[in-house]
Structure formats: structure tokens, C-alpha cells
Amino acid sequence: MMKYLFSLLLIFSLVIQSCSPEVQDTLIGAKIYEHNGPYKQLFEQWKQMGINTGFCSQELISDPEFMKEAREHKISTFVIFPVFFNAEVLDKSPDLSAINRNGEAAAEEWVEFICPSREGYRQQMVDHARNLVREHQPDGISIDFIRHFVYWEKVYPDRDPASLPVSCFDSVCLNHFQAETGISIPDELSRTTKQADWILNNHEDAWTTWRCQLITSMVEEIADAAREEKPDILVNVHLVPWAKADFNGAIKKVAGQDIRALAQISDYLSPMTYAHMVKQAPSWVHHIVEDVYMQTGGVILPSIQVGKAYLDTEFDLEEFRLTLEAALEAPSSGVVVWSWERLIAEPEKADLFKDIVKAL
Ligand SMILES: [Zn+2]
């Protein structure tokens, strides 16, 4: 009798196991910005392709139909949340701009950044994150443009580190820096260029630490607000794809991303490893993942490009395959494609993506 009961229990537990939702060890994500057409079809296609997570624009997250279909199809949703890139706000309030070491607005082509010291703007971002999470209950928040000004998309391997931009040298940052570190810029230096040079020549470490803290604290404030609204919300941070030593430590000195500190307050770190765009080989994606992992022990989700961007050089199927395979190599915890729109625009890459993901 006991033996019979035991066998029954065993069968029962096996049935339960096979009915439980799929275990999603590997996060397979797609950044999606807009979508015309039925969401049901979209998510059915994602299921077929093995995509289990959407990194979605605020517009999509705010659409109840999108969220309903995502839930029904068991697709996790992260809202992409840009912080210090905000063209709309800068158009109206150019005085909020970050300032470079020449005393000018930090800007290059479409890239322009808000000074990260402005309390009003920071609070506005925190409130906005809180409202988004409260109203739409996404599974995660994916914090983007969370760095100091730098147009890293056009920083190639041969770039002279000294030519990379350092900001922000407006009066708000300079006052906060002095008040919080006890360092005093000599009075006789009145021009921004002279003040910036003096800081970088005499107190570069303190300046870098202080600038990183501006970014770390912003992530912390946004993550805290999001978690107050939804305690189990997942927090992802988009990283500039630079290893610790690249460009003379520019990940901290230029971008202001202290990835060890960021790993402590987030669930995922997502380096934007768009290899083709920055003239790197596919294997570089794995190199960056490994570097970030070695520094943080965190959960690393490399994001990879699908289509051509910035450069006109051919980005063929084979290069895409090698890039995707490099992105999935341990210690990576998955991959996020940038973007869904670009993936379906190239059916051969979409098929290849499906084949590789389904074989995992
Ligand atoms: Zn500033």
C-alpha cells in the first residue's frame, strides 16, 4: 500500500512539474519602441522565437492592451527609462544643459545631456518612475542614459582618451563638488576652462568619485521609488560598453558609471555591446561581459545590435551570428536585441536568432 502511495505521489509531482510555467533561466529580450498591429500576434511570434522579455518604450508600457497581452503570453515587461537625455526638457530649458570643460553646452549631434546635479529635474525623474510603476506595474525598469555626457556610439578603439569629454562644469556642479568634498577652486580662476583644468590636474580622483556618486545616487533614488510601488520590481541599468581599463578608465572618468556600486543596487547590468557600431569584433561582446562580471559578480545582460547603425559598413548574417553567440556565452545571463524593429526588418537574421535561441 505504502509503495503504491509513494508511486502515486511521484507521478503526481512529475505531472505538477511538467505543468508549471517554463523555467526562464536565460533572459532573451528585445528592445521595442513602437508597434502597429495586434499585440497578440506580436507576443505569439515572440513565444515562437524564444523571446521572453520586452524592454519597452513608455508609450507601449502605458497601453493597457499591450500589458494585458504581455501578461497573458507570460512575457516579462521592462519599461525603458531614459534619465539624463531629455531633448524635450532641454529645448524648453537650455539652462539645464550639462557643461563641458570649455564652458559650453555638452552636445554632439543628437546627444545632449542634462546636468545631473539639478534637484528639481532629479525629483521629476523619480516621481515619473514612481508613477509609471504605480500605474502600469511593469515587471522591471530599465534605466537608460544614466551617465554623464558622452557620445560613446562614435568612440572607436583608436580614440585618444584625452579627447573624451568630461562634464559637468556648470556652477551648480562646481558648487556642490566644493561643498561636498571640501575642495576649494582658487578664486583667481574665474573662467570655466581654467576651473576645469585645475580640478582635473589637481583633484581628478575626488572629481571622478563625486561624479560617479551623482549617477549611482540617481539609480538608487529611482530604484527605491520603483520598489516602494512594487517591491518585486526588477532593476536593470544600461552601461556604456567599456571595460575597466578601456580609454584610461573612462567608464568612471568620463561616463561616471561605477559599475560595482551600480551592481549593489540593481538586479541586472546591461552593457550596450553594439560591437559593429564601435568597430569591434563579435568576440568583444564576451570580453565586455566577462569584464563587467569579474568586477561585479552581477547578472549581466549584454544588448546587441541587429541592424547597421552610424556606420555604413556591411553587417552580415555571419557577423550577427558570431555576435549573438558571443553574447550568450557564460557568464552572460542572456541577451537583449536592439531592436525588435530592426530584427523583423531582416528576416534572415530573425530566423537565425530563433534557431540559436531555440537550441539553448
Ligand atoms: Zn552640472
# chains A, B, ... in the order shown; residues from 1 in each chain; ligands from 1
$ select_by_dssp --residues "segment 15-222 of chain A" --states "alpha helix (DSSP H)" --output "PyMOL selection string"
chain A and resi 15-19+39-49+58-61+64-72+87-92+119-136+171-181+192-202+204-222
$ residues_around --residues "Ile114 of chain A" --least-positions-apart "6" --cutoff "7 Å" --atoms "only C-alpha atoms" --output "PyMOL selection string"
chain A and resi 84-85+96-98
$ residues_around --residues "segment 354-357 of chain A" --least-positions-apart "2" --cutoff "8 Å" --atoms "only C-alpha atoms" --output "ChimeraX atom specification"
/A:28,48-50,325,350-352,359-360
$ write_last_selection --atoms "N, CA, C and O atoms" --output "short mmCIF file (atom, residue, chain, number, x, y, z; two decimals), in the first residue's frame"
data_model
loop_
_atom_site.label_atom_id
_atom_site.label_comp_id
_atom_site.auth_asym_id
_atom_site.auth_seq_id
_atom_site.Cartn_x
_atom_site.Cartn_y
_atom_site.Cartn_z
N ILE A 28 15.89 36.25 -22.65
CA ILE A 28 16.00 36.58 -24.07
C ILE A 28 15.08 37.77 -24.30
O ILE A 28 13.85 37.65 -24.21
N GLN A 48 7.26 32.00 -30.20
CA GLN A 48 7.85 31.07 -31.19
C GLN A 48 9.35 31.26 -31.33
O GLN A 48 10.09 30.33 -31.58
N MET A 49 9.79 32.49 -31.14
CA MET A 49 11.21 32.79 -31.32
C MET A 49 12.01 32.65 -30.04
O MET A 49 13.22 32.83 -30.06
N GLY A 50 11.33 32.41 -28.94
CA GLY A 50 12.04 32.24 -27.67
C GLY A 50 12.30 33.54 -26.92
O GLY A 50 13.07 33.57 -25.96
N GLU A 325 26.18 34.64 -30.57
CA GLU A 325 26.79 33.53 -29.83
C GLU A 325 27.73 34.04 -28.74
O GLU A 325 27.74 33.52 -27.63
N ALA A 350 16.34 37.28 -38.25
CA ALA A 350 15.29 36.84 -37.33
C ALA A 350 15.24 35.31 -37.26
O ALA A 350 15.13 34.72 -36.18
N ASP A 351 15.35 34.65 -38.42
CA ASP A 351 15.34 33.18 -38.45
C ASP A 351 16.54 32.59 -37.72
O ASP A 351 16.43 31.63 -36.95
N LEU A 352 17.70 33.20 -37.97
CA LEU A 352 18.92 32.74 -37.32
C LEU A 352 18.83 32.91 -35.80
O LEU A 352 19.20 32.01 -35.03
N ALA A 359 17.83 26.58 -29.66
CA ALA A 359 18.79 25.48 -29.41
C ALA A 359 19.43 25.58 -28.02
O ALA A 359 20.18 24.68 -27.64
N LEU A 360 19.13 26.64 -27.30
CA LEU A 360 19.77 26.83 -25.97
C LEU A 360 19.33 25.75 -24.98
O LEU A 360 18.19 25.32 -25.02
#
$ residues_near_ligand --ligand "ligand 1" --cutoff "7 Å" --atoms "only C-alpha atoms and all ligand atoms" --output "list in words"
Ala98, Ile99, Cys115, Pro116, Ser117, Cys168, Phe169, Asp170, Ser171, Val172 and Cys173 of chain A
$ select_by_dssp --residues "segment 60-246 of chain A" --states "strand (DSSP E or B)" --output "JSON, numbers by chain"
{"A": [76, 77, 78, 79, 80, 81, 82, 97, 99, 100, 105, 107, 108, 111, 112, 114, 140, 141, 142, 143, 144, 167, 234, 235, 236, 237, 238, 239]}
$ closest_residue --among "A:Leu301, A:Ala261, A:Leu328, A:Ala107" --to "Gln213 of chain A" --atoms "only C-alpha atoms"
A:Ala261
$ atom_distance --atom1 "atom CA of Val299 of chain A" --atom2 "atom CA of Trp340 of chain A"
22.4 Å
$ closest_residue --among "A:Gln123, A:Gln195, A:Ser167, A:Asn52" --to "Cys212 of chain A" --atoms "only C-alpha atoms"
A:Ser167
$ residues_around --residues "Ala263 of chain A" --least-positions-apart "4" --cutoff "7 Å" --atoms "only C-alpha atoms" --output "PDB file with all heavy atoms, in the first residue's frame"
ATOM      1  N   ILE A 259      30.464  50.717 -11.818  1.00  0.00           N
ATOM      2  CA  ILE A 259      29.615  49.543 -12.022  1.00  0.00           C
ATOM      3  C   ILE A 259      29.527  48.646 -10.789  1.00  0.00           C
ATOM      4  O   ILE A 259      28.534  47.966 -10.590  1.00  0.00           O
ATOM      5  CB  ILE A 259      30.008  48.743 -13.287  1.00  0.00           C
ATOM      6  CG1 ILE A 259      31.386  48.134 -13.171  1.00  0.00           C
ATOM      7  CG2 ILE A 259      29.918  49.603 -14.525  1.00  0.00           C
ATOM      8  CD1 ILE A 259      31.657  47.143 -14.296  1.00  0.00           C
ATOM      9  N   LEU A 269      22.859  44.217 -14.967  1.00  0.00           N
ATOM     10  CA  LEU A 269      23.677  45.238 -15.616  1.00  0.00           C
ATOM     11  C   LEU A 269      23.670  44.903 -17.103  1.00  0.00           C
ATOM     12  O   LEU A 269      23.924  43.756 -17.483  1.00  0.00           O
ATOM     13  CB  LEU A 269      25.113  45.212 -15.090  1.00  0.00           C
ATOM     14  CG  LEU A 269      25.292  45.577 -13.613  1.00  0.00           C
ATOM     15  CD1 LEU A 269      26.744  45.378 -13.199  1.00  0.00           C
ATOM     16  CD2 LEU A 269      24.849  47.023 -13.338  1.00  0.00           C
ATOM     17  N   THR A 296      31.994  42.774 -10.825  1.00  0.00           N
ATOM     18  CA  THR A 296      30.778  42.935 -10.020  1.00  0.00           C
ATOM     19  C   THR A 296      30.176  41.625  -9.497  1.00  0.00           C
ATOM     20  O   THR A 296      29.450  41.646  -8.508  1.00  0.00           O
ATOM     21  CB  THR A 296      29.661  43.604 -10.855  1.00  0.00           C
ATOM     22  OG1 THR A 296      29.344  42.733 -11.966  1.00  0.00           O
ATOM     23  CG2 THR A 296      30.114  44.947 -11.399  1.00  0.00           C
ATOM     24  N   GLY A 298      27.848  40.401 -10.906  1.00  0.00           N
ATOM     25  CA  GLY A 298      26.421  40.670 -11.135  1.00  0.00           C
ATOM     26  C   GLY A 298      25.811  39.804 -12.224  1.00  0.00           C
ATOM     27  O   GLY A 298      26.462  38.926 -12.796  1.00  0.00           O
TER      28      GLY A 298
END
$ closest_residue --among "A:Thr273, A:Phe177, A:Val292, A:Ala129" --to "Trp338 of chain A" --atoms "only C-alpha atoms"
A:Thr273
$ closest_residue --among "A:Arg211, A:Arg147, A:Lys252, A:Arg130" --to "Arg227 of chain A" --atoms "only C-alpha atoms"
A:Arg130
$ atom_distance --atom1 "atom CA of Glu229 of chain A" --atom2 "atom CA of Gln58 of chain A"
16.9 Å
$ residues_around --residues "Asp144 of chain A" --least-positions-apart "6" --cutoff "7 Å" --atoms "only C-alpha atoms" --output "count of residues only"
6
$ closest_residue --among "A:Gly54, A:Gly103, A:Pro64, A:Pro138" --to "Thr192 of chain A" --atoms "only C-alpha atoms"
A:Gly103
$ residues_around --residues "segment 73-79 of chain A" --least-positions-apart "3" --cutoff "6 Å" --atoms "only C-alpha atoms" --output "tab-separated table (two decimals) with all heavy atoms, in the first residue's frame"
chain	number	residue	atom	x	y	z
A	52	ASN	N	11.46	36.09	-24.24
A	52	ASN	CA	10.61	36.04	-23.05
A	52	ASN	C	10.46	37.38	-22.35
A	52	ASN	O	9.73	37.50	-21.36
A	52	ASN	CB	11.12	34.96	-22.07
A	52	ASN	CG	12.60	35.11	-21.76
A	52	ASN	OD1	13.10	36.21	-21.63
A	52	ASN	ND2	13.29	33.98	-21.65
A	53	THR	N	11.19	38.41	-22.82
A	53	THR	CA	11.15	39.70	-22.13
A	53	THR	C	11.19	40.86	-23.11
A	53	THR	O	12.01	40.86	-24.03
A	53	THR	CB	12.38	39.82	-21.19
A	53	THR	OG1	12.43	38.63	-20.37
A	53	THR	CG2	12.27	41.03	-20.29
A	54	GLY	N	10.32	41.84	-22.89
A	54	GLY	CA	10.34	43.05	-23.72
A	54	GLY	C	10.92	44.20	-22.93
A	54	GLY	O	10.58	44.39	-21.75
A	55	PHE	N	11.82	44.93	-23.56
A	55	PHE	CA	12.32	46.19	-22.98
A	55	PHE	C	11.63	47.27	-23.80
A	55	PHE	O	11.97	47.48	-24.97
A	55	PHE	CB	13.85	46.26	-23.05
A	55	PHE	CG	14.49	45.26	-22.13
A	55	PHE	CD1	14.57	43.92	-22.47
A	55	PHE	CD2	14.95	45.65	-20.89
A	55	PHE	CE1	15.12	42.99	-21.60
A	55	PHE	CE2	15.52	44.74	-20.00
A	55	PHE	CZ	15.59	43.40	-20.36
A	56	CYS	N	10.62	47.89	-23.19
A	56	CYS	CA	9.61	48.59	-23.96
A	56	CYS	C	9.61	50.09	-23.71
A	56	CYS	O	9.91	50.55	-22.60
A	56	CYS	CB	8.22	48.04	-23.60
A	56	CYS	SG	8.19	46.25	-23.36
A	70	ALA	N	0.79	40.99	-22.96
A	70	ALA	CA	2.11	40.54	-22.48
A	70	ALA	C	1.92	39.57	-21.32
A	70	ALA	O	2.52	38.49	-21.29
A	70	ALA	CB	2.95	41.73	-22.06
A	138	PRO	N	4.91	47.38	-14.54
A	138	PRO	CA	5.80	46.54	-15.35
A	138	PRO	C	6.59	45.60	-14.44
A	138	PRO	O	6.68	45.84	-13.23
A	138	PRO	CB	6.73	47.56	-16.02
A	138	PRO	CG	6.74	48.73	-15.08
A	138	PRO	CD	5.37	48.77	-14.45
A	139	ASP	N	7.17	44.56	-15.02
A	139	ASP	CA	7.98	43.63	-14.22
A	139	ASP	C	9.33	44.23	-13.87
A	139	ASP	O	9.98	43.80	-12.92
A	139	ASP	CB	8.19	42.32	-14.97
A	139	ASP	CG	6.86	41.66	-15.28
A	139	ASP	OD1	6.18	41.28	-14.31
A	139	ASP	OD2	6.49	41.55	-16.46
A	140	GLY	N	9.75	45.19	-14.68
A	140	GLY	CA	11.06	45.78	-14.43
A	140	GLY	C	11.17	47.19	-14.95
A	140	GLY	O	10.34	47.65	-15.74
A	141	ILE	N	12.23	47.86	-14.49
A	141	ILE	CA	12.53	49.19	-15.01
A	141	ILE	C	13.97	49.14	-15.52
A	141	ILE	O	14.86	48.60	-14.85
A	141	ILE	CB	12.29	50.29	-13.94
A	141	ILE	CG1	12.61	51.68	-14.52
A	141	ILE	CG2	13.09	50.05	-12.67
A	141	ILE	CD1	12.03	52.83	-13.67
A	142	SER	N	14.16	49.64	-16.73
A	142	SER	CA	15.46	49.52	-17.40
A	142	SER	C	16.01	50.93	-17.57
A	142	SER	O	15.59	51.68	-18.45
A	142	SER	CB	15.22	48.84	-18.75
A	142	SER	OG	16.39	48.31	-19.27
$ residues_around --residues "segment 124-128 of chain A" --least-positions-apart "5" --cutoff "10 Å" --atoms "only C-alpha atoms" --output "VMD selection string"
chain A and resid 81 to 84 119 133 to 134 218 to 226
$ write_last_selection --atoms "N, CA, C and O atoms" --output "PDB file, in the first residue's frame"
ATOM      1  N   PHE A  81      13.683  53.513 -19.340  1.00  0.00           N
ATOM      2  CA  PHE A  81      13.533  54.789 -18.629  1.00  0.00           C
ATOM      3  C   PHE A  81      14.779  55.668 -18.806  1.00  0.00           C
ATOM      4  O   PHE A  81      15.740  55.573 -18.037  1.00  0.00           O
ATOM      5  N   PRO A  82      14.763  56.527 -19.842  1.00  0.00           N
ATOM      6  CA  PRO A  82      15.921  57.412 -20.042  1.00  0.00           C
ATOM      7  C   PRO A  82      15.954  58.508 -18.978  1.00  0.00           C
ATOM      8  O   PRO A  82      14.910  59.057 -18.628  1.00  0.00           O
ATOM      9  N   VAL A  83      17.149  58.803 -18.475  1.00  0.00           N
ATOM     10  CA  VAL A  83      17.223  59.780 -17.381  1.00  0.00           C
ATOM     11  C   VAL A  83      17.819  61.124 -17.828  1.00  0.00           C
ATOM     12  O   VAL A  83      17.109  62.121 -17.890  1.00  0.00           O
ATOM     13  N   PHE A  84      19.097  61.164 -18.152  1.00  0.00           N
ATOM     14  CA  PHE A  84      19.722  62.471 -18.397  1.00  0.00           C
ATOM     15  C   PHE A  84      19.729  62.890 -19.865  1.00  0.00           C
ATOM     16  O   PHE A  84      20.283  63.917 -20.208  1.00  0.00           O
ATOM     17  N   GLU A 119      18.429  69.376  -8.683  1.00  0.00           N
ATOM     18  CA  GLU A 119      17.499  68.696  -7.771  1.00  0.00           C
ATOM     19  C   GLU A 119      16.091  68.594  -8.337  1.00  0.00           C
ATOM     20  O   GLU A 119      15.438  67.566  -8.208  1.00  0.00           O
ATOM     21  N   VAL A 133       5.448  53.040 -12.625  1.00  0.00           N
ATOM     22  CA  VAL A 133       5.379  51.726 -11.976  1.00  0.00           C
ATOM     23  C   VAL A 133       4.018  51.544 -11.303  1.00  0.00           C
ATOM     24  O   VAL A 133       3.385  50.494 -11.426  1.00  0.00           O
ATOM     25  N   ARG A 134       3.560  52.598 -10.642  1.00  0.00           N
ATOM     26  CA  ARG A 134       2.266  52.500  -9.954  1.00  0.00           C
ATOM     27  C   ARG A 134       1.142  52.225 -10.943  1.00  0.00           C
ATOM     28  O   ARG A 134       0.330  51.333 -10.747  1.00  0.00           O
ATOM     29  N   MET A 218      21.395  58.598  -8.334  1.00  0.00           N
ATOM     30  CA  MET A 218      20.190  58.735  -9.163  1.00  0.00           C
ATOM     31  C   MET A 218      19.541  57.362  -9.383  1.00  0.00           C
ATOM     32  O   MET A 218      18.319  57.221  -9.311  1.00  0.00           O
ATOM     33  N   VAL A 219      20.360  56.350  -9.652  1.00  0.00           N
ATOM     34  CA  VAL A 219      19.828  54.987  -9.815  1.00  0.00           C
ATOM     35  C   VAL A 219      19.149  54.552  -8.512  1.00  0.00           C
ATOM     36  O   VAL A 219      18.042  53.992  -8.525  1.00  0.00           O
ATOM     37  N   GLU A 220      19.814  54.844  -7.419  1.00  0.00           N
ATOM     38  CA  GLU A 220      19.277  54.444  -6.119  1.00  0.00           C
ATOM     39  C   GLU A 220      17.921  55.099  -5.846  1.00  0.00           C
ATOM     40  O   GLU A 220      16.977  54.440  -5.412  1.00  0.00           O
ATOM     41  N   GLU A 221      17.819  56.380  -6.139  1.00  0.00           N
ATOM     42  CA  GLU A 221      16.564  57.088  -5.879  1.00  0.00           C
ATOM     43  C   GLU A 221      15.439  56.561  -6.773  1.00  0.00           C
ATOM     44  O   GLU A 221      14.306  56.385  -6.320  1.00  0.00           O
ATOM     45  N   ILE A 222      15.759  56.304  -8.034  1.00  0.00           N
ATOM     46  CA  ILE A 222      14.735  55.783  -8.956  1.00  0.00           C
ATOM     47  C   ILE A 222      14.341  54.360  -8.541  1.00  0.00           C
ATOM     48  O   ILE A 222      13.152  54.025  -8.473  1.00  0.00           O
ATOM     49  N   ALA A 223      15.340  53.543  -8.218  1.00  0.00           N
ATOM     50  CA  ALA A 223      15.057  52.148  -7.836  1.00  0.00           C
ATOM     51  C   ALA A 223      14.247  52.102  -6.534  1.00  0.00           C
ATOM     52  O   ALA A 223      13.300  51.309  -6.416  1.00  0.00           O
ATOM     53  N   ASP A 224      14.588  52.952  -5.579  1.00  0.00           N
ATOM     54  CA  ASP A 224      13.841  52.975  -4.307  1.00  0.00           C
ATOM     55  C   ASP A 224      12.374  53.326  -4.544  1.00  0.00           C
ATOM     56  O   ASP A 224      11.480  52.683  -3.987  1.00  0.00           O
ATOM     57  N   ALA A 225      12.147  54.341  -5.367  1.00  0.00           N
ATOM     58  CA  ALA A 225      10.765  54.764  -5.638  1.00  0.00           C
ATOM     59  C   ALA A 225      10.006  53.633  -6.332  1.00  0.00           C
ATOM     60  O   ALA A 225       8.862  53.325  -5.991  1.00  0.00           O
ATOM     61  N   ALA A 226      10.661  53.005  -7.302  1.00  0.00           N
ATOM     62  CA  ALA A 226      10.013  51.906  -8.043  1.00  0.00           C
ATOM     63  C   ALA A 226       9.692  50.757  -7.095  1.00  0.00           C
ATOM     64  O   ALA A 226       8.601  50.172  -7.152  1.00  0.00           O
TER      65      ALA A 226
END
